[in-house]
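Data first, discussion second: the structure below is written as C-alpha cells.
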Amino acid sequence: MVYWRSFLPFFVIAALLVALLPSGSASALGDNYVGPQFRRYYQQHQGMRVLGYAQTGVVIAGDRAVQYFEKGRIEDHSAEVADPRWALMYGRLTAELMQQAPWGVVNNTTFTYGDLSYLSTLKQDPPPEFSGGTIAVEGGTFVPYHPQLGSAPGYVVPSYFWEYMNRSDLFPGGWLHDIGLPMTGVLNAETVKHGERRSIMLQAFERTVLTYDPLNPPGWQVERGNIGTDALLLLGRPGGGAKRIEIDLSRQWLYAFEGSEMVYDAPVSTGKDGFETPAGNFKIFAKYRSKTMSGSAGGESWYVPDVPHAMYFRAGGYAIHGTYWHNQFGTGRRVSHGCVNLPLHAAALLYGWAPIGTPVIIYH
C-alpha cells in the first residue's frame with residue numbers, strides 16, 4: 001500500500017530550497033575526518049554514498065565509539081561480536097527519532113517522524129502460506145516485523161529498495177543487520193531538489209530511511225536519507241556545549257551553535273526599512289508549532305494564518321519562524337515586519353533543536 005500526505009496550504013512554496021546543512025558541517029574538523037575505527041569500512045563500502053560527510057568526530061556513547069555522518073550513525077561493536085562482518089553497526093536512528101523527536105521533519109520531506117510512528121502501526125498480515133523469512137508478493141517482498149523473521153505482520157518492500165538493500169558491496173553485514181526491519185510501508189512524499197518540487201518514494205527502516213527518486217541518474221535513484229543530520233539537530237550533539245542562535249543582519253544569515261561548534265546555518269530575511277529587526281541579546285521565551293500573526297503599524301496591516309514553528313525572542317511580536325509566502329532568504333532583501341523569516345525546513349529543524357531559554361544574539 002502507498003500512503004500519501006500532501007502539503008498544508010501554501011507549504012508547497014519552494015522555501016525549502018536552501019536550508020541544508022553545509023556539506024562541510026564537519027568543518028569544525030577541518031575536512032571529512034573519518035575515525036580510525038571506521039576508516040577502512042568507509043573506504044571499502046562507498047562511504048560517501050552510504051554515510052556521506054562526517055558530522056562529528058569519534059565520540060564515546062555508553063561503552064563504545066560512535067561517529068555521526070549525514071546519513072547515519074556508525075557504531076563500533078567489535079568487542080561484543082565474533083563475526084567481523086558485524087563488528088560495525090548502523091545505529092537505530094529512525095526508531096530513536098520516531099520515539100524522541102516526533103515533531104522533526106524527515107529528510108526534507110512532507111513527513112515528520114511522528115507520522116512515521118503512526119504509520120508503523122499499520123502493519124499488513126502475512127500471506128496465508130507464509131511461515132517465516134521473506135516472501136515475494138505482489139508489489140515486492142513481504143518482510144515480517146520480527147527480529148528472527150518469524151511469522152508476524154509486517155510490510156512490503158518494493159523491488160527497487162529490496163535490490164539496493166541486498167547489495168553486499170554496500171552492506172557487508174546483510175540487510176537485516178545494516179538496514180534493519182522495515183517500520184512502515186512505502187510512502188509517497190514530496191521534497192525540493194535543485195530548486196524543483198519533486199515526488200519521491202520513501203520507506204522507513206530501523207537504521208535508515210530509503211528514498212527512491214526516478215529523476216536521479218540510473219544507479220543513484222535509491223539513496224539513504226540524511227537521518228544522521230536530522231538526529232544531530234533534533235536530539236543534540238554528543239558532548240555538545242550550551243546552545244545559542246546568532247543572526248547576522250548584514251549577511252542575512254542565521255547560525256546555530258553548541259558550545260564553540262557551529263552545527264547548522266541557514267539564510268534568513270529580516271525586517272524591512274521601518275520595521276527593522278532589533279539587534280541585541282535575547283532569549284526564546286515562547287514557542288508555537290503554528291501561530292496566526294497579525295498587526296498594524298507604520299501605515300501597514302497584516303494577517304498571516306498558520307505561521308509554522310514560531311519562536312518568540314522579544315516582546316512586541318518578534319519571532320523566528322518558518323515562511324511560506326516568499327523565498328527571499330539570504331538574498332539581501334529584507335521583507336518582514338521585524339521577524340526573522342526562515343525557509344520551512346530550516347524553521348522546523350531549529351524549532352526542534354532550540355528549547356525555551358536558548359539565547360538569540362542579533363548583530364550587524
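A note on labels: chains of the C-alpha cells are A, B, ... as shown, every chain counts residues from 1, and ligands are counted from 1 in their shown order.
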Considering only C-alpha atoms, return as an mmCIF file with C-alpha atoms, in the first residue's frame whatever protein or nucleic-acid residues lie within 6 Å of range 110-117 of chain A, sequence-local ones (same chain, fewer than 6 positions apart) excluded.
data_model
loop_
_atom_site.group_PDB
_atom_site.id
_atom_site.type_symbol
_atom_site.label_atom_id
_atom_site.label_comp_id
_atom_site.auth_asym_id
_atom_site.auth_seq_id
_atom_site.Cartn_x
_atom_site.Cartn_y
_atom_site.Cartn_z
ATOM 1 C CA MET A 98 10.294 8.316 15.880
ATOM 2 C CA PRO A 102 8.076 13.156 16.571
ATOM 3 C CA TRP A 103 7.892 16.828 15.518
ATOM 4 C CA GLY A 104 11.030 16.545 13.392
ATOM 5 C CA ALA A 189 6.350 12.055 -0.251
ATOM 6 C CA GLU A 190 7.348 15.418 -1.657
#
Using DSSP secondary structure from the backbone, list all alpha helix (DSSP H) positions within range 170-267 of chain A, as a list in words.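 Those residues are Trp175, Leu176, His177, Asp178, Ile227, Gly228, Thr229, Asp230, Ala231, Leu232, Leu233, Leu234 and Leu235 of chain A.
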Near Tyr68 in chain A, within 8 Å and counting only C-alpha atoms, which residues show up once chain neighbours fewer than 2 positions away are dropped, as a PyMOL selection string? chain A and resi 54-58+66+70+72-74+228-229
For each of A:Phe257, A:Tyr324, A:Tyr264, A:Trp302, take the minimum atom-to-atom distance to Pro359 in chain A, counting only C-alpha atoms, then give the residue where this is smallest.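 Distance minimum relative to Pro359 in chain A lands on A:Phe257.
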List the spatial neighbours of Pro267 in chain A as a list in words - criterion: any atom at most 9 Å away, only C-alpha atoms, same-chain residues fewer than 2 positions off excluded.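 Everything that qualifies: Val18, Ala19, Arg251, Gln252, Trp253, Leu254, Tyr255, Asp265, Ser269, Gln328, Phe329, Gly330, Thr331, Asn341, Leu342, Pro343 and Ala346 of chain A.
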So which one's closest to Tyr363 in chain A, A:Gly316, A:Asp248, A:Gly271, A:His309? Using only C-alpha atoms, please. A:Asp248
Distance of CA of Leu202 in chain A from CA of Ala152 in chain A, expressed in Å to one decimal place: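 Computing it gives 22.6 Å between the two atoms.
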Selected residue, from A:Arg289, A:Arg237, A:Lys243, A:Lys123, that lies nearest to Tyr145 in chain A when counting only C-alpha atoms: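 Counting only C-alpha atoms, the residue closest to Tyr145 in chain A is A:Lys123.
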Which one is closest to Ser301 in chain A: A:Lys287, A:Gly52, A:His337, A:Pro172? Count only C-alpha atoms.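 Among the listed residues, A:His337 lies closest to Ser301 in chain A.
Among the candidates A:Lys283, A:Arg198, A:Lys291, A:Arg314, the one nearest to Pro355 in chain A when counting only C-alpha atoms is A:Lys283.
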Could you check which of A:Gln67, A:Ser294, A:Ser159, A:Thr141 is closest to Leu51 in chain A, using only C-alpha atoms? A:Gln67
Distance query Leu93 in chain A at most 8 Å, only C-alpha atoms, self and fewer than 3 positions along chain excluded, as a ChimeraX atom specification: /A:72-73,96-97,206-208,227-228,231
Store the residues picked out above in a file with C-alpha atoms, as a short mmCIF file (atom, residue, chain, number, x, y, z; two decimals), in the first residue's frame.
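Heads up, here's the output in out.cif:
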data_model
loop_
_atom_site.label_atom_id
_atom_site.label_comp_id
_atom_site.auth_asym_id
_atom_site.auth_seq_id
_atom_site.Cartn_x
_atom_site.Cartn_y
_atom_site.Cartn_z
CA GLY A 72 23.55 7.75 9.85
CA ARG A 73 25.50 6.85 12.96
CA GLU A 96 15.09 6.74 18.06
CA LEU A 97 13.81 9.75 16.13
CA GLU A 206 15.12 0.73 11.81
CA ARG A 207 18.53 2.09 10.82
CA THR A 208 17.78 4.30 7.84
CA ILE A 227 18.89 11.00 9.14
CA GLY A 228 22.27 11.45 10.82
CA ALA A 231 19.38 13.25 14.63
#
Test item: residues at most 10 Å from Phe313 in chain A, only C-alpha atoms, excluding those fewer than 3 positions along its chain, as a CSV table (one decimal) with C-alpha atoms, in the first residue's frame:
chain,number,residue,atom,x,y,z
A,281,ASN,CA,20.9,39.8,23.2
A,282,PHE,CA,17.6,38.0,23.7
A,283,LYS,CA,16.2,34.6,24.7
A,284,ILE,CA,13.5,32.4,23.3
A,285,PHE,CA,10.6,32.7,25.7
A,286,ALA,CA,7.7,31.1,23.8
A,287,LYS,CA,7.3,28.5,21.0
A,310,ALA,CA,7.3,30.3,15.7
A,316,GLY,CA,6.2,43.1,20.7
A,317,GLY,CA,5.8,40.1,18.4
A,318,TYR,CA,9.4,39.5,17.3
A,319,ALA,CA,9.9,35.8,16.4
A,320,ILE,CA,12.0,33.4,14.4
A,339,CYS,CA,10.5,38.9,12.5
A,356,ILE,CA,12.8,27.8,25.5
A,357,GLY,CA,15.6,29.9,27.1
A,358,THR,CA,18.0,29.5,24.1
A,359,PRO,CA,20.0,32.7,23.7
A,360,VAL,CA,19.4,34.7,20.5
A,361,ILE,CA,22.2,37.1,19.6
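Relative to CA of Ala95 in chain A, CA of Ile245 in chain A is found at 28.2 Å.
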Need the shell around Gly139 in chain A: protein/DNA/RNA residues with any atom at most 12 Å away, counting only C-alpha atoms. Skip same-chain ones fewer than 4 positions apart. Format as a list in words?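 Listed by chain and then number, they are Met1, Val2, Ile135, Tyr155, Val156, Val157, Pro158, Ser159, Tyr160, Phe161, Trp162, Gly185 and Val186 of chain A.
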Selection export as a PDB file, in the first residue's frame, atoms kept: C-alpha atoms:
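Done, and the output landed in part21.pdb:
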ATOM      1  CA  MET A   1       0.000   0.000   0.000  1.00  0.00           C
ATOM      2  CA  VAL A   2       1.242   3.503  -0.806  1.00  0.00           C
ATOM      3  CA  ILE A 135       8.467 -13.944   0.535  1.00  0.00           C
ATOM      4  CA  TYR A 155       5.440  -4.597   5.380  1.00  0.00           C
ATOM      5  CA  VAL A 156       6.030  -4.970   1.655  1.00  0.00           C
ATOM      6  CA  VAL A 157       9.387  -3.662   0.446  1.00  0.00           C
ATOM      7  CA  PRO A 158       9.258  -2.666  -3.267  1.00  0.00           C
ATOM      8  CA  SER A 159      11.786  -4.213  -5.645  1.00  0.00           C
ATOM      9  CA  TYR A 160      13.866  -1.043  -6.079  1.00  0.00           C
ATOM     10  CA  PHE A 161      14.546  -0.890  -2.329  1.00  0.00           C
ATOM     11  CA  TRP A 162      14.967  -4.661  -1.966  1.00  0.00           C
ATOM     12  CA  GLY A 185       5.084   0.655   4.091  1.00  0.00           C
ATOM     13  CA  VAL A 186       6.302   2.597   1.083  1.00  0.00           C
TER      14      VAL A 186
END
If you run DSSP on the backbone here, which positions in range 128-274 of chain A get strand (DSSP E or B)? Please write them as number ranges by chain. A: 135-137, 140-144, 154-157, 182, 187-193, 196-205, 208-212, 222-224, 243-248, 253-258, 261-267, 269, 271
